[in-house]
Amino acid sequence: MKKIAVVGAGPGGLAAAMMLAAKGYEVDVYEKQNYVGGRNASLSLGSYTFDIGPTFLSMPHIMEEIFRAADRNVHDYMELIELSPMYELQFDGKRVPMYRDRRKMLRVLREHFPGNEAGYQRFMKDTREKMDALLPVLQTRHHRLTDYVSKRTLKALPKLSLGKSVYDVLSEYFNDEKLKIAFTFQAKYLGMSPWECPGAFAILSYMEHEYGVFHPKGGVNQLSKAMAKVTEEHGGRIHLGDGVKKFKLDGNKVVGLEMESGKQIEADEFIVNADFAEAMSHMLDDGVLKKYSKEKLDKKKFSCSTFMIYLGVDKLYDMPHHTIVFAEDYQKNVKEMTKDLVLSDEPSIYVHNASVTDETLAPEGHSAVYILAPVPNNYSEIDWDEKQEAFKELILDEIEKKTGFSDLREHIVEEKVLTPKQWQTEHFVHKGATFSLGHQLSQMMYFRPHNRFQELEHCWLVGGGTHPGSGLPTILESARITTGWIQEKEAQTT
Ligand SMILES: Cc1cc2nc3c(=O)[nH]c(=O)nc-3n(C[C@H](O)[C@H](O)[C@H](O)COP(=O)(O)OP(=O)(O)OC[C@H]3O[C@@H](n4cnc5c(N)ncnc54)[C@H](O)[C@@H]3O)c2cc1C
């Protein structure tokens, strides 16, 4: 069987490694950090455990299928807890829980947004049809423009809401501005504005309302840890603290890796999970790439970034697992973050209070609180060394003022802040754009870097920077597309 080298042990790389190792390939994963999971790793501060990045897990059936493809049952590796409510939204002091359960959701609508119940039912029905048409397109490789005239894509085209934003689409169902936000803020998962994000992504809120939101005991990072375990069970090797410096090329064929340690690695196929733009602008000499040269990458659109605060606190707050606090002028906040590239005076904030569900994350009576504020990526040139402290205090002020975490500062035992600058310098994320390349239609499907990378031979992509895009379910799909294609290529050449 062929030798596969995977660059990066993020969820995309690990899903690919696990599925190929299960098929008997000789798999080696090279990870620059000394831990697995990438943005989906865990972070320990004293006796507190946090997810570094993803905290929302949806569409668990995709994860189940990926593990099945590696001859495993995901439930033997992770304990999944469904959250109800899925999350709580806060608008100007109003607390609105959101449920997967239809009856509970209708009750919330009747109480907070009367007259919108039928719109919600219609949204769920229409978007189910949209999802049925779109899912096969997302699960298929897109390496030829002619794919756009395939039967599958033509069937999906009318469902893409072309020319409309997610906000436009939801305006067809709801008459209340806050309710529209409640079903469009998910554009932020792609690091985009609901007023800019393609209308097709109305499927994001549908996915939560249809399939639910889950918390794996120990955190969403357990997904990466489980995939690393399965990889090793199938004989794959994961090399930690072993960063890749350069691709070794013969013409446009990748033939090896030059490691930061000076070691040279050979393999038959190379799968890149490291952040696409960062990898392509650092691991190749200038002039090698045409379509994705440094200059061309700089002209692409990238997602926003996130300002993170991880707090170990000696108190357990009776607050929901997920709370999202919207700025009063949400549209202005989103524009400042994605267009004007300045810090908002009133940011929107997400608070993850997982200890209310999971006692393994902190000592008894304590909690691990994760706070995220979406902010501009590093194209903004914000001086984070100068701004970090004041912005952190602003966020804590807002949380204490607007939520049930009213005495948060008094209870802090451990603290870590992660700025967009650090996403770039310590986590190797291009321009700190935490959700990778933007998901504008001009950068989707055929127009996103292909799973079989079009500019280099023997080079494959997985993760948020390739098709179908950022977000754990789509990242797992990217690994499924890529590994299926590698096996198909091998079958054709043997
Ligand atoms: C704050 C935040 C919150 C998020 N929340 C959610 C959420 O709730 N739900 C959701 O579905 N998605 C979420 N995401 C998006 C996405 O699911 C994660 O970012 C995910 O971890 C991306 O996975 P990936 O496989 O693309 O790459 P990564 O996780 O970035 O992994 C890439 C790996 O490559 C390694 N690497 C880089 N350079 C090298 C090198 N030279 N040599 C070797 N290794 C290298 C990195 O160290 C890293 O381990 C979130 C992202 C962030 C940042």
# chains A, B, ... in the order shown; residues from 1 in each chain; ligands from 1
$ residues_near_ligand --ligand "ligand 1" --cutoff "7 Å" --atoms "only C-alpha atoms and all ligand atoms" --output "JSON, numbers by chain"
{"A": [7, 8, 9, 10, 11, 12, 13, 30, 31, 32, 33, 36, 37, 38, 39, 40, 52, 53, 54, 55, 56, 57, 189, 242, 243, 244, 245, 273, 274, 275, 279, 306, 372, 427, 428, 429, 434, 435, 462, 463, 464, 465, 470, 471, 472, 473, 475]}
$ select_by_dssp --residues "region 198-346 of chain A" --states "alpha helix (DSSP H)" --output "ChimeraX atom specification"
/A:203-211,221-233,276-282,294-298,330-335
$ residues_around --residues "Met19 (chain A)" --least-positions-apart "5" --cutoff "9 Å" --atoms "only C-alpha atoms" --output "CSV table (one decimal) with all heavy atoms, in the first residue's frame"
chain,number,residue,atom,x,y,z
A,14,LEU,N,-6.6,14.5,10.6
A,14,LEU,CA,-6.8,13.3,11.4
A,14,LEU,C,-7.9,12.4,10.8
A,14,LEU,O,-7.8,11.2,10.8
A,14,LEU,CB,-7.1,13.7,12.8
A,14,LEU,CG,-5.9,14.3,13.6
A,14,LEU,CD1,-6.4,14.9,14.9
A,14,LEU,CD2,-4.8,13.2,13.9
A,66,ILE,N,-18.0,8.9,9.2
A,66,ILE,CA,-16.6,9.0,9.0
A,66,ILE,C,-15.9,7.9,9.9
A,66,ILE,O,-14.9,7.3,9.4
A,66,ILE,CB,-16.1,10.4,9.4
A,66,ILE,CG1,-16.7,11.5,8.5
A,66,ILE,CG2,-14.6,10.5,9.5
A,66,ILE,CD1,-16.2,11.6,7.1
A,67,PHE,N,-16.4,7.8,11.1
A,67,PHE,CA,-15.8,6.7,11.9
A,67,PHE,C,-16.1,5.3,11.4
A,67,PHE,O,-15.2,4.5,11.4
A,67,PHE,CB,-16.3,6.9,13.4
A,67,PHE,CG,-15.4,7.8,14.2
A,67,PHE,CD1,-15.6,9.2,14.0
A,67,PHE,CD2,-14.5,7.4,15.1
A,67,PHE,CE1,-14.8,10.1,14.7
A,67,PHE,CE2,-13.7,8.3,15.9
A,67,PHE,CZ,-13.9,9.6,15.7
A,68,ARG,N,-17.3,5.2,10.9
A,68,ARG,CA,-17.6,3.9,10.2
A,68,ARG,C,-16.7,3.6,9.1
A,68,ARG,O,-16.3,2.4,8.9
A,68,ARG,CB,-19.1,3.9,9.8
A,68,ARG,CG,-20.0,3.3,10.8
A,68,ARG,CD,-21.3,2.7,10.2
A,68,ARG,NE,-22.1,3.7,9.5
A,68,ARG,CZ,-22.9,4.6,10.1
A,68,ARG,NH1,-23.1,4.6,11.4
A,68,ARG,NH2,-23.6,5.5,9.4
A,69,ALA,N,-16.4,4.6,8.3
A,69,ALA,CA,-15.4,4.4,7.2
A,69,ALA,C,-14.1,4.0,7.7
A,69,ALA,O,-13.2,3.5,6.9
A,69,ALA,CB,-15.3,5.7,6.4
A,70,ALA,N,-13.8,4.2,9.0
A,70,ALA,CA,-12.5,3.8,9.6
A,70,ALA,C,-12.8,2.5,10.5
A,70,ALA,O,-12.0,2.3,11.4
A,70,ALA,CB,-11.9,4.9,10.4
A,71,ASP,N,-13.9,1.8,10.2
A,71,ASP,CA,-14.2,0.6,10.9
A,71,ASP,C,-14.4,0.8,12.4
A,71,ASP,O,-14.0,0.0,13.2
A,71,ASP,CB,-13.2,-0.5,10.7
A,71,ASP,CG,-13.0,-0.9,9.3
A,71,ASP,OD1,-14.0,-0.8,8.5
A,71,ASP,OD2,-11.9,-1.2,8.8
A,230,VAL,N,-7.8,6.4,16.8
A,230,VAL,CA,-8.2,5.4,15.7
A,230,VAL,C,-7.0,5.3,14.7
A,230,VAL,O,-6.7,4.2,14.3
A,230,VAL,CB,-9.5,5.8,15.1
A,230,VAL,CG1,-9.8,4.8,14.0
A,230,VAL,CG2,-10.6,5.8,16.1
A,231,THR,N,-6.4,6.4,14.3
A,231,THR,CA,-5.3,6.4,13.4
A,231,THR,C,-4.2,5.5,13.9
A,231,THR,O,-3.7,4.6,13.2
A,231,THR,CB,-4.7,7.8,13.2
A,231,THR,OG1,-5.8,8.7,12.7
A,231,THR,CG2,-3.6,7.8,12.2
A,479,ALA,N,-12.3,15.6,4.1
A,479,ALA,CA,-11.4,14.4,4.3
A,479,ALA,C,-12.0,13.2,3.6
A,479,ALA,O,-11.3,12.4,3.0
A,479,ALA,CB,-11.2,14.1,5.8
A,480,ARG,N,-13.3,13.1,3.6
A,480,ARG,CA,-14.0,11.9,2.9
A,480,ARG,C,-13.8,12.1,1.4
A,480,ARG,O,-13.5,11.1,0.7
A,480,ARG,CB,-15.5,11.9,3.3
A,480,ARG,CG,-16.2,10.8,2.6
A,480,ARG,CD,-17.3,10.3,3.5
A,480,ARG,NE,-18.4,11.2,3.8
A,480,ARG,CZ,-19.5,10.9,4.4
A,480,ARG,NH1,-19.7,9.6,4.8
A,480,ARG,NH2,-20.4,11.8,4.6
A,483,THR,N,-9.9,11.4,0.6
A,483,THR,CA,-9.4,10.0,0.7
A,483,THR,C,-10.1,9.1,-0.3
A,483,THR,O,-9.4,8.2,-0.8
A,483,THR,CB,-9.6,9.5,2.2
A,483,THR,OG1,-11.0,9.7,2.5
A,483,THR,CG2,-8.8,10.3,3.2
$ closest_residue --among "A:Glu488, A:Glu381, A:Glu386, A:Asp28" --to "Gly236 (chain A)" --atoms "only C-alpha atoms"
A:Asp28
$ closest_residue --among "A:Leu343, A:Val351, A:Val96, A:Leu456" --to "Leu249 (chain A)" --atoms "only C-alpha atoms"
A:Leu456
$ residues_around --residues "region 117-121 of chain A" --least-positions-apart "2" --cutoff "10 Å" --atoms "only C-alpha atoms" --output "MDAnalysis selection string"
chainID A and resid 102 105:110 113:115 123:127 170:175 179 183
$ select_by_dssp --residues "region 262-447 of chain A" --states "strand (DSSP E)" --output "number ranges by chain"
A: 264-266, 269-272, 305-313, 322-325, 349-352, 367-375, 412-418
$ closest_residue --among "A:Ile324, A:Gly287, A:Thr403, A:Tyr370" --to "Gln186 (chain A)" --atoms "only C-alpha atoms"
A:Ile324
$ closest_residue --among "A:Ala373, A:Val334, A:Met1, A:Leu476" --to "Ser58 (chain A)" --atoms "only C-alpha atoms"
A:Leu476
$ atom_distance --atom1 "CA of Pro468 (chain A)" --atom2 "CA of Gln139 (chain A)"
7.3 Å
$ closest_residue --among "A:Gly469, A:Pro136, A:Pro216, A:Pro374" --to "Glu82 (chain A)" --atoms "only C-alpha atoms"
A:Pro216
$ closest_residue --among "A:Ala41, A:Val220, A:Leu289, A:Ile62" --to "Ala277 (chain A)" --atoms "only C-alpha atoms"
A:Leu289
$ residues_around --residues "Thr466 (chain A)" --least-positions-apart "4" --cutoff "7 Å" --atoms "only C-alpha atoms" --output "CSV table (one decimal) with C-alpha atoms, in the first residue's frame"
chain,number,residue,atom,x,y,z
A,448,ARG,CA,-12.1,27.1,-3.8
A,449,PRO,CA,-8.7,25.3,-3.8
A,450,HIS,CA,-9.4,21.7,-5.0
A,451,ASN,CA,-9.2,18.7,-2.8
A,461,LEU,CA,-6.0,19.2,0.6
A,462,VAL,CA,-8.2,18.7,3.6
